[in-house]
>>> print(open('model29.txt').read())   # compact mmCIF, C-alpha atoms
# COMPACT_ATOMS: atom_id res chain seq x y z
CA MET A 10 16.11 23.78 -10.69
CA LYS A 11 18.86 21.20 -10.99
CA ILE A 12 18.47 17.58 -12.09
CA LYS A 13 21.23 15.15 -11.16
CA LEU A 14 22.76 13.29 -14.09
CA ASP A 15 24.52 9.95 -13.90
CA ASP A 16 25.26 6.95 -16.12
CA LEU A 17 21.55 6.09 -16.22
CA ASN A 18 20.59 9.41 -17.77
CA CYS A 19 23.76 10.93 -19.24
CA LEU A 20 23.01 13.86 -21.49
CA ASP A 21 24.84 15.90 -24.12
CA LEU A 22 22.59 18.81 -25.05
CA ASP A 23 24.59 19.74 -28.15
CA LEU A 24 24.17 16.27 -29.65
CA THR A 25 20.57 15.88 -28.54
CA PHE A 26 19.30 19.19 -29.89
CA SER A 27 21.45 19.76 -32.97
CA CYS A 28 21.13 16.70 -35.18
CA GLY A 29 17.73 16.33 -36.65
CA GLN A 30 15.10 15.10 -34.20
CA VAL A 31 13.81 18.46 -32.95
CA PHE A 32 13.85 21.86 -34.63
CA ARG A 33 12.92 24.76 -32.34
CA TRP A 34 15.79 24.83 -29.84
CA ARG A 35 18.66 27.35 -30.13
CA LYS A 36 21.99 27.78 -28.38
CA PHE A 37 22.84 31.20 -26.89
CA ASP A 38 25.59 32.05 -24.38
CA ASN A 39 26.25 28.36 -23.59
CA PHE A 40 22.57 27.74 -22.85
CA TRP A 41 20.04 25.90 -24.98
CA ILE A 42 16.82 27.92 -25.27
CA GLY A 43 13.45 26.45 -26.20
CA MET A 44 9.91 25.64 -25.19
CA ILE A 45 8.31 22.79 -23.28
CA ASP A 46 4.55 23.28 -23.43
CA ASP A 47 4.12 27.06 -22.92
CA VAL A 48 7.24 27.51 -20.78
CA LEU A 49 10.44 29.07 -22.12
CA LEU A 50 13.52 27.27 -20.80
CA LYS A 51 17.26 27.84 -20.57
CA LEU A 52 19.21 24.60 -20.18
CA ARG A 53 22.86 23.84 -19.51
CA VAL A 54 24.73 20.78 -18.26
CA GLU A 55 27.31 21.58 -15.59
CA ASN A 56 29.03 19.44 -12.97
CA ASN A 57 26.82 16.38 -13.68
CA TYR A 58 23.62 18.39 -13.28
CA LEU A 59 21.08 19.64 -15.80
CA ASN A 60 20.61 23.29 -14.87
CA VAL A 61 17.03 24.37 -15.72
CA GLN A 62 15.89 27.99 -15.70
CA SER A 63 12.34 28.78 -16.79
CA SER A 64 10.04 31.69 -17.60
CA LYS A 65 7.51 30.31 -15.11
CA PRO A 66 7.39 27.27 -12.81
CA ILE A 67 7.62 23.87 -14.47
CA HIS A 68 7.65 20.61 -12.57
CA LYS A 69 10.87 18.63 -12.55
CA SER A 70 8.94 15.55 -13.68
CA ARG A 71 7.89 17.33 -16.89
CA VAL A 72 11.51 18.07 -17.80
CA LYS A 73 12.51 14.48 -17.01
CA GLU A 74 9.65 13.22 -19.18
CA PHE A 75 10.81 15.39 -22.10
CA PHE A 76 14.34 13.98 -21.88
CA ARG A 77 13.08 10.43 -21.43
CA PHE A 78 14.92 9.98 -18.13
CA ASP A 79 12.51 7.13 -17.45
CA ASP A 80 14.37 5.11 -20.11
CA ARG A 81 17.04 2.81 -18.69
CA PHE A 82 19.75 4.30 -20.86
CA ASP A 83 22.42 1.90 -19.58
CA ILE A 84 20.32 -1.15 -20.46
CA ILE A 85 19.44 0.26 -23.89
CA MET A 86 23.07 0.92 -24.79
CA LYS A 87 24.23 -2.41 -23.40
CA GLN A 88 21.77 -4.24 -25.62
CA LEU A 89 22.57 -2.20 -28.74
CA ASN A 90 26.33 -2.54 -28.16
CA ARG A 91 26.05 -6.28 -28.69
CA ASN A 92 26.15 -5.31 -32.37
CA LYS A 93 29.83 -4.76 -33.15
CA GLU A 94 29.22 -2.11 -35.83
CA PHE A 95 26.99 -0.11 -33.51
CA LYS A 96 29.43 -0.44 -30.60
CA GLU A 97 32.15 1.21 -32.69
CA ILE A 98 29.75 4.08 -33.47
CA SER A 99 28.43 4.56 -29.92
CA SER A 100 31.93 4.52 -28.41
CA SER A 101 32.54 8.00 -29.84
CA ILE A 102 29.05 9.42 -29.22
CA LYS A 103 28.12 9.96 -25.59
CA GLY A 104 24.88 11.39 -24.22
CA LEU A 105 22.80 11.60 -27.40
CA ARG A 106 19.24 10.99 -26.23
CA LEU A 107 15.88 10.64 -27.88
CA LEU A 108 13.36 13.25 -26.78
CA ARG A 109 9.69 12.75 -25.99
CA GLN A 110 8.16 15.57 -27.99
CA ASP A 111 4.60 16.83 -28.12
CA PRO A 112 2.92 14.67 -30.81
CA TRP A 113 1.11 17.56 -32.48
CA GLU A 114 4.21 19.72 -32.87
CA CYS A 115 6.26 16.68 -33.87
CA LEU A 116 3.78 15.74 -36.61
CA ILE A 117 3.73 19.20 -38.15
CA SER A 118 7.52 19.46 -37.84
CA TYR A 119 7.98 16.33 -39.94
CA ILE A 120 5.31 17.35 -42.43
CA CYS A 121 7.52 20.42 -42.95
CA SER A 122 10.70 18.33 -43.07
CA ARG A 123 10.03 16.57 -46.37
CA ASN A 124 12.84 17.25 -48.88
CA CYS A 125 14.18 20.06 -46.71
CA LYS A 126 17.44 20.90 -45.00
CA ILE A 127 17.30 21.47 -41.25
CA VAL A 128 17.83 25.23 -41.59
CA MET A 129 14.72 25.51 -43.78
CA ILE A 130 12.64 23.36 -41.40
CA ASN A 131 13.72 25.63 -38.53
CA ARG A 132 12.64 28.70 -40.46
CA MET A 133 9.20 27.32 -41.42
CA LEU A 134 8.41 26.27 -37.86
CA PHE A 135 9.61 29.61 -36.49
CA ASP A 136 7.38 31.45 -38.98
CA LEU A 137 4.41 29.27 -38.06
CA SER A 138 4.91 29.85 -34.34
CA LYS A 139 5.56 33.57 -34.70
CA ASN A 140 2.53 34.16 -36.94
CA LEU A 141 0.02 32.06 -34.99
CA GLY A 142 1.52 31.25 -31.57
CA GLU A 143 1.53 33.18 -28.31
CA LYS A 144 4.63 35.31 -27.69
CA VAL A 145 6.71 34.48 -24.60
CA SER A 146 9.45 36.90 -23.48
CA TRP A 147 11.77 36.36 -20.54
CA ASP A 148 15.29 37.36 -19.52
CA ASN A 149 16.08 39.04 -22.87
CA TYR A 150 14.84 36.00 -24.81
CA THR A 151 11.71 35.72 -26.93
CA ASP A 152 10.03 32.64 -28.33
CA TYR A 153 6.56 31.58 -29.41
CA CYS A 154 4.29 28.75 -28.34
CA PHE A 155 3.58 26.27 -31.08
CA PRO A 156 0.04 26.99 -32.37
CA SER A 157 -2.60 24.46 -31.36
CA PRO A 158 -4.65 22.38 -33.83
CA GLU A 159 -7.65 24.55 -32.97
CA ILE A 160 -5.82 27.75 -33.96
CA ILE A 161 -4.45 26.33 -37.20
CA SER A 162 -7.76 24.69 -38.21
CA LYS A 163 -9.47 28.10 -38.05
CA SER A 164 -6.71 29.98 -39.86
CA LYS A 165 -7.17 31.34 -43.33
CA LEU A 166 -5.02 29.83 -46.06
CA LYS A 167 -3.55 33.25 -46.79
CA GLU A 168 -2.50 33.58 -43.16
CA LEU A 169 -0.81 30.16 -43.16
CA SER A 170 0.91 30.84 -46.46
CA ARG A 171 2.85 33.67 -44.84
CA CYS A 172 4.88 30.94 -43.12
CA ARG A 173 6.77 30.35 -46.38
CA PHE A 174 6.25 26.60 -46.54
CA ARG A 175 8.43 24.83 -49.09
CA PHE A 176 5.38 23.67 -51.04
CA GLY A 177 3.44 26.88 -50.55
CA LYS A 178 -0.34 26.82 -50.40
CA ILE A 179 -0.45 23.06 -51.00
CA GLN A 180 1.50 22.44 -47.79
CA ALA A 181 -0.40 25.11 -45.88
CA ASN A 182 -3.64 23.38 -46.81
CA GLU A 183 -2.22 19.97 -45.78
CA ILE A 184 -1.37 21.33 -42.34
CA ARG A 185 -4.76 22.97 -41.93
CA GLU A 186 -6.55 19.75 -42.93
CA ILE A 187 -4.50 17.71 -40.47
CA ALA A 188 -5.37 20.23 -37.75
CA LYS A 189 -9.06 19.74 -38.51
CA ILE A 190 -8.65 15.96 -38.31
CA VAL A 191 -6.92 16.25 -34.92
CA CYS A 192 -9.65 18.59 -33.64
CA SER A 193 -12.31 16.11 -34.74
CA LYS A 194 -10.54 13.32 -32.78
CA GLU A 195 -10.31 11.22 -35.94
CA LEU A 196 -6.61 11.32 -35.08
CA ASP A 197 -6.32 10.93 -31.30
CA PHE A 198 -2.67 10.82 -30.20
CA ASP A 199 -3.49 9.23 -26.86
CA LYS A 200 -5.20 6.32 -28.62
CA VAL A 201 -2.42 5.96 -31.17
CA LYS A 202 0.13 5.82 -28.36
CA LYS A 203 -1.63 2.78 -26.91
CA MET A 204 -1.58 0.89 -30.21
CA SER A 205 1.12 -1.53 -31.29
CA TYR A 206 3.76 -0.11 -33.63
CA PRO A 207 2.21 -1.63 -36.81
CA GLU A 208 -1.31 -0.49 -35.87
CA ALA A 209 -0.11 3.00 -34.97
CA LYS A 210 1.77 3.41 -38.24
CA VAL A 211 -1.22 2.29 -40.30
CA LYS A 212 -3.42 4.77 -38.42
CA LEU A 213 -1.09 7.70 -39.00
CA MET A 214 -0.62 6.94 -42.69
CA SER A 215 -4.38 6.52 -43.18
CA ILE A 216 -4.74 10.25 -42.50
CA GLY A 217 -2.92 11.14 -45.73
CA HIS A 218 -2.08 14.83 -46.29
CA GLY A 219 1.66 14.18 -46.51
CA ILE A 220 1.95 11.54 -43.77
CA GLY A 221 3.98 8.86 -45.51
CA ASN A 222 6.35 6.20 -44.23
CA LYS A 223 9.12 8.45 -42.95
CA VAL A 224 6.87 11.08 -41.38
CA ALA A 225 4.86 8.38 -39.59
CA ASP A 226 7.99 6.61 -38.33
CA CYS A 227 9.51 9.86 -37.03
CA VAL A 228 6.35 10.85 -35.16
CA LEU A 229 6.05 7.35 -33.66
CA LEU A 230 9.67 7.39 -32.51
CA PHE A 231 10.05 10.96 -31.31
CA SER A 232 6.68 11.53 -29.66
CA LEU A 233 4.64 8.33 -29.24
CA ASP A 234 7.06 5.98 -27.46
CA LYS A 235 7.50 3.51 -30.33
CA LEU A 236 11.21 2.93 -29.74
CA GLU A 237 11.27 0.14 -32.31
CA SER A 238 10.43 2.63 -35.06
CA PHE A 239 13.30 3.01 -37.55
CA PRO A 240 12.88 6.02 -39.86
CA VAL A 241 14.85 5.90 -43.08
CA ASP A 242 16.14 8.91 -44.98
CA VAL A 243 19.07 9.39 -47.33
CA TRP A 244 21.60 9.41 -44.47
CA ILE A 245 20.28 6.20 -42.89
CA ALA A 246 20.06 4.47 -46.28
CA ARG A 247 23.69 5.33 -47.04
CA ALA A 248 24.80 4.28 -43.56
CA LEU A 249 23.05 0.92 -43.78
CA ILE A 250 24.72 0.00 -47.07
CA GLU A 251 28.08 1.16 -45.69
CA LEU A 252 27.71 -0.89 -42.51
CA TYR A 253 25.67 -3.86 -43.74
CA GLY A 254 25.96 -3.76 -47.52
CA GLN A 255 26.20 -7.53 -47.80
CA GLN A 256 22.60 -7.73 -46.57
CA PHE A 257 21.17 -5.89 -49.59
CA ASN A 258 21.04 -6.53 -53.32
CA SER A 259 23.25 -4.61 -55.74
CA LYS A 260 20.31 -2.86 -57.41
CA LEU A 261 19.26 -1.19 -54.14
CA ILE A 262 22.86 -0.36 -53.22
CA ASN A 263 23.49 1.32 -56.58
CA LYS A 264 20.24 3.24 -56.34
CA ILE A 265 21.19 4.61 -52.92
CA LYS A 266 24.68 5.51 -54.15
CA ARG A 267 23.11 7.42 -57.06
CA LYS A 268 20.96 9.32 -54.53
CA GLN A 269 17.70 8.24 -56.13
CA ASN A 270 14.47 8.30 -54.13
CA LEU A 271 13.39 5.06 -52.47
CA THR A 272 10.13 3.39 -53.40
CA PRO A 273 7.75 2.54 -50.52
CA LYS A 274 8.79 -1.10 -50.90
CA GLU A 275 12.49 -0.22 -50.60
CA TYR A 276 11.82 2.04 -47.64
CA THR A 277 9.99 -0.81 -45.89
CA LEU A 278 12.83 -3.23 -46.63
CA LEU A 279 15.41 -0.93 -44.99
CA SER A 280 13.19 0.03 -42.07
CA ASP A 281 12.30 -3.61 -41.39
CA PHE A 282 16.00 -4.48 -41.47
CA GLY A 283 16.67 -1.84 -38.80
CA ARG A 284 13.94 -3.17 -36.51
CA GLN A 285 14.97 -6.79 -36.97
CA HIS A 286 18.68 -6.06 -36.56
CA PHE A 287 18.45 -3.81 -33.48
CA GLY A 288 15.25 -5.02 -31.82
CA LYS A 289 12.98 -3.03 -29.53
CA TYR A 290 15.45 -0.14 -29.22
CA ALA A 291 16.01 0.26 -32.96
CA GLY A 292 15.02 3.92 -32.76
CA TYR A 293 17.97 4.71 -30.51
CA ALA A 294 20.28 2.90 -32.92
CA GLN A 295 18.80 4.90 -35.80
CA GLU A 296 19.55 8.23 -34.13
CA TYR A 297 23.15 7.30 -33.33
CA ILE A 298 23.76 5.97 -36.83
CA TYR A 299 22.13 9.09 -38.32
CA HIS A 300 24.42 11.38 -36.34
CA TRP A 301 27.49 9.27 -37.10
CA LYS A 302 26.83 9.30 -40.85
CA ARG A 303 26.12 13.02 -41.05
CA LEU A 304 29.24 13.77 -38.98
CA ARG A 305 31.37 11.69 -41.34
CA ASN A 306 29.98 13.71 -44.25
CA GLY A 307 30.47 17.07 -42.55
CA ALA A 308 26.74 17.77 -42.22
CA CYS A 309 26.57 18.33 -38.43
>>> encode(input="model29.txt", output="structure tokens")
Amino acid sequence: MKIKLDDLNCLDLDLTFSCGQVFRWRKFDNFWIGMIDDVLLKLRVENNYLNVQSSKPIHKSRVKEFFRFDDRFDIIMKQLNRNKEFKEISSSIKGLRLLRQDPWECLISYICSRNCKIVMINRMLFDLSKNLGEKVSWDNYTDYCFPSPEIISKSKLKELSRCRFRFGKIQANEIREIAKIVCSKELDFDKVKKMSYPEAKVKLMSIGHGIGNKVADCVLLFSLDKLESFPVDVWIARALIELYGQQFNSKLINKIKRKQNLTPKEYTLLSDFGRQHFGKYAGYAQEYIYHWKRLRNGAC
């Protein structure tokens, strides 16, 4: 399968997969390998086409949905480039796209991401999928489906703990409890998706079990179509004071420079600034700024 790429849906797979929004894709032999639903895919951009090879048939529309080709990328970038600081950043970063991930996998990915480097997040999610997910082998490649809420909710704590979570049995229990909540429909992703951004964030955070400000904002942005969501981590906090330091008080600036953790109030202040400054596409701005800042610090 080949999908035509143009200025409306330009795509750089290296940028899109390698800097922090998704964790279970790998590059081998100039292809990116990963899963959409239960299908193992090999992806490569060549001659203005996205070349898609798959372990079994997958509809072109599903791949387009994953890459958010329904977004008017040209309009989004035109609006964001009205901000002179962002325009300087985006001029050197082409084809970095947000992905529309599965909400369940996205939620558990960001539960695992707290206070972790990307390599450790990758390892935890691989362990979880290998221990509890279905094996898929094709064309000398092997991967594992991400385990469903039903599978995880019925798993024994000892079984989950084999996944070597950063916070051990405490985190394993968090994930199992969230799985039970999803199975009970107390957390219904389809309903959350239909809510406004503020309502959706309140709903996610009401679940508890490790779903704080940043986890909620990441899930809303990367899987539930809340493009105004503006997650804040250490990289974004540093970037904001570098780009817009005059907007913040010296106490907050010094705290960020000293690499101290943000309070919920400080997180909200920075996240609100991002939404107000960049508008309804703040999430795209966040991802570009995140990549730019990490690249400047040699982290990508």
>>> residues_near_point(input="model29.txt", point="(14.3, 6.8, -39.3)", cutoff="8 Å", atoms="all atoms listed in the file", output="list in words")
Lys223, Asp226, Cys227, Ser238, Phe239, Pro240, Val241, Asp242, Ile245, Ser280, Gly292, Gln295 and Glu296 of chain A
>>> atom_distance(input="model29.txt", atom1="atom CA of Ile216 of chain A", atom2="atom CA of Ser232 of chain A")
17.2 Å
>>> atom_distance(input="model29.txt", atom1="atom CA of Trp41 of chain A", atom2="atom CA of Lys202 of chain A")
28.5 Å
>>> closest_residue(input="model29.txt", among="A:Phe78, A:Phe231, A:Phe135, A:Tyr58", to="Met44 of chain A", atoms="all atoms listed in the file")
A:Phe135
>>> residues_around(input="model29.txt", residues="segment 23-26 of chain A", least_positions_apart="2", cutoff="8 Å", atoms="all atoms listed in the file", output="PyMOL selection string")
chain A and resi 20-21+28-32+34+104-108
>>> atom_distance(input="model29.txt", atom1="atom CA of Pro112 of chain A", atom2="atom CA of Met204 of chain A")
14.5 Å
>>> closest_residue(input="model29.txt", among="A:Arg284, A:Lys194, A:Lys87, A:Lys73", to="Glu237 of chain A", atoms="all atoms listed in the file")
A:Arg284
>>> closest_atom_pairs(input="model29.txt", of="segment 216-308 of chain A", to="segment 116-127 of chain A", cutoff="7 Å", atoms="all atoms listed in the file", output="tab-separated table")
residue	atom	partner	partner_atom	distance
A:Gly219	CA	A:Ile120	CA	6.3
A:Ile220	CA	A:Ile120	CA	6.8
A:Val224	CA	A:Tyr119	CA	5.6
A:Val228	CA	A:Leu116	CA	5.7
>>> residues_near_point(input="model29.txt", point="(18.3, -5.2, -52.6)", cutoff="12 Å", atoms="only C-alpha atoms", output="ChimeraX atom specification")
/A:246,249-250,253-265,271-272,274-279,282
>>> closest_residue(input="model29.txt", among="A:Val54, A:Ile84, A:Ile42, A:Leu196", to="Lys289 of chain A", atoms="only C-alpha atoms")
A:Ile84
>>> closest_residue(input="model29.txt", among="A:Arg71, A:His218, A:Arg77, A:Arg305", to="Leu233 of chain A", atoms="all atoms listed in the file")
A:Arg77
>>> residues_around(input="model29.txt", residues="segment 59-68 of chain A", least_positions_apart="2", cutoff="10 Å", atoms="only C-alpha atoms", output="ChimeraX atom specification")
/A:10-14,19-22,40-57,70-73,145-148,150
>>> residues_around(input="model29.txt", residues="Ile179 of chain A", least_positions_apart="5", cutoff="10 Å", atoms="all atoms listed in the file", output="PDB file with C-alpha atoms, in the frame of the given file")
ATOM      1  CA  LEU A 166      -5.020  29.830 -46.060  1.00  0.00           C
ATOM      2  CA  SER A 170       0.910  30.840 -46.460  1.00  0.00           C
ATOM      3  CA  PHE A 174       6.250  26.600 -46.540  1.00  0.00           C
ATOM      4  CA  ILE A 184      -1.370  21.330 -42.340  1.00  0.00           C
ATOM      5  CA  HIS A 218      -2.080  14.830 -46.290  1.00  0.00           C
TER       6      HIS A 218
END
>>> closest_residue(input="model29.txt", among="A:Asn182, A:Ser157, A:Ser164, A:Ser215", to="Asp111 of chain A", atoms="only C-alpha atoms")
A:Ser157
>>> closest_residue(input="model29.txt", among="A:Lys200, A:Arg81, A:Arg185, A:Arg303", to="Lys167 of chain A", atoms="all atoms listed in the file")
A:Arg185
>>> residues_around(input="model29.txt", residues="Arg173 of chain A", least_positions_apart="4", cutoff="9 Å", atoms="only C-alpha atoms", output="PyMOL selection string")
chain A and resi 132-133+136-137+169+177-178+181
>>> axis_aligned_box(input="model29.txt", around="segment 118-135 of chain A", padding_each_side="6 Å", output="JSON")
{"center_x": 11.6, "center_y": 23.0, "center_z": -42.7, "size_x": 24.5, "size_y": 25.3, "size_z": 24.4}
>>> build_atoms(input="model29.txt", residues="segment 180-199 of chain A", atoms="N, CA and C atoms", output="mmCIF file, keeping the file's coordinate frame")
data_model
loop_
_atom_site.group_PDB
_atom_site.id
_atom_site.type_symbol
_atom_site.label_atom_id
_atom_site.label_comp_id
_atom_site.auth_asym_id
_atom_site.auth_seq_id
_atom_site.Cartn_x
_atom_site.Cartn_y
_atom_site.Cartn_z
ATOM 1 N N GLN A 180 1.080 22.902 -49.115
ATOM 2 C CA GLN A 180 1.500 22.440 -47.790
ATOM 3 C C GLN A 180 0.715 23.134 -46.685
ATOM 4 N N ALA A 181 0.413 24.397 -46.858
ATOM 5 C CA ALA A 181 -0.400 25.110 -45.880
ATOM 6 C C ALA A 181 -1.765 24.454 -45.730
ATOM 7 N N ASN A 182 -2.339 24.050 -46.859
ATOM 8 C CA ASN A 182 -3.640 23.380 -46.810
ATOM 9 C C ASN A 182 -3.537 22.005 -46.161
ATOM 10 N N GLU A 183 -2.443 21.263 -46.431
ATOM 11 C CA GLU A 183 -2.220 19.970 -45.780
ATOM 12 C C GLU A 183 -2.233 20.131 -44.258
ATOM 13 N N ILE A 184 -1.489 21.116 -43.787
ATOM 14 C CA ILE A 184 -1.370 21.330 -42.340
ATOM 15 C C ILE A 184 -2.702 21.726 -41.736
ATOM 16 N N ARG A 185 -3.436 22.572 -42.442
ATOM 17 C CA ARG A 185 -4.760 22.970 -41.930
ATOM 18 C C ARG A 185 -5.707 21.782 -41.897
ATOM 19 N N GLU A 186 -5.679 20.926 -42.908
ATOM 20 C CA GLU A 186 -6.550 19.750 -42.930
ATOM 21 C C GLU A 186 -6.196 18.765 -41.819
ATOM 22 N N ILE A 187 -4.908 18.582 -41.570
ATOM 23 C CA ILE A 187 -4.500 17.710 -40.470
ATOM 24 C C ILE A 187 -4.975 18.277 -39.141
ATOM 25 N N ALA A 188 -4.881 19.600 -38.982
ATOM 26 C CA ALA A 188 -5.370 20.230 -37.750
ATOM 27 C C ALA A 188 -6.857 19.958 -37.547
ATOM 28 N N LYS A 189 -7.627 20.020 -38.608
ATOM 29 C CA LYS A 189 -9.060 19.740 -38.510
ATOM 30 C C LYS A 189 -9.305 18.290 -38.095
ATOM 31 N N ILE A 190 -8.505 17.380 -38.631
ATOM 32 C CA ILE A 190 -8.650 15.960 -38.310
ATOM 33 C C ILE A 190 -8.313 15.707 -36.839
ATOM 34 N N VAL A 191 -7.275 16.381 -36.337
ATOM 35 C CA VAL A 191 -6.920 16.250 -34.920
ATOM 36 C C VAL A 191 -8.026 16.830 -34.037
ATOM 37 N N CYS A 192 -8.560 17.970 -34.417
ATOM 38 C CA CYS A 192 -9.650 18.590 -33.640
ATOM 39 C C CYS A 192 -10.889 17.707 -33.599
ATOM 40 N N SER A 193 -11.139 16.984 -34.673
ATOM 41 C CA SER A 193 -12.310 16.110 -34.740
ATOM 42 C C SER A 193 -12.133 14.813 -33.971
ATOM 43 N N LYS A 194 -10.904 14.558 -33.495
ATOM 44 C CA LYS A 194 -10.540 13.320 -32.780
ATOM 45 C C LYS A 194 -10.475 12.098 -33.704
ATOM 46 N N GLU A 195 -10.550 12.329 -35.022
ATOM 47 C CA GLU A 195 -10.310 11.220 -35.940
ATOM 48 C C GLU A 195 -8.872 10.730 -35.772
ATOM 49 N N LEU A 196 -7.979 11.660 -35.466
ATOM 50 C CA LEU A 196 -6.610 11.320 -35.080
ATOM 51 C C LEU A 196 -6.447 11.716 -33.617
ATOM 52 N N ASP A 197 -6.429 10.717 -32.745
ATOM 53 C CA ASP A 197 -6.320 10.930 -31.300
ATOM 54 C C ASP A 197 -4.959 10.367 -30.871
ATOM 55 N N PHE A 198 -4.031 11.252 -30.519
ATOM 56 C CA PHE A 198 -2.670 10.820 -30.200
ATOM 57 C C PHE A 198 -2.620 9.879 -29.002
ATOM 58 N N ASP A 199 -3.487 10.109 -28.026
ATOM 59 C CA ASP A 199 -3.490 9.230 -26.860
ATOM 60 C C ASP A 199 -3.859 7.795 -27.250
#
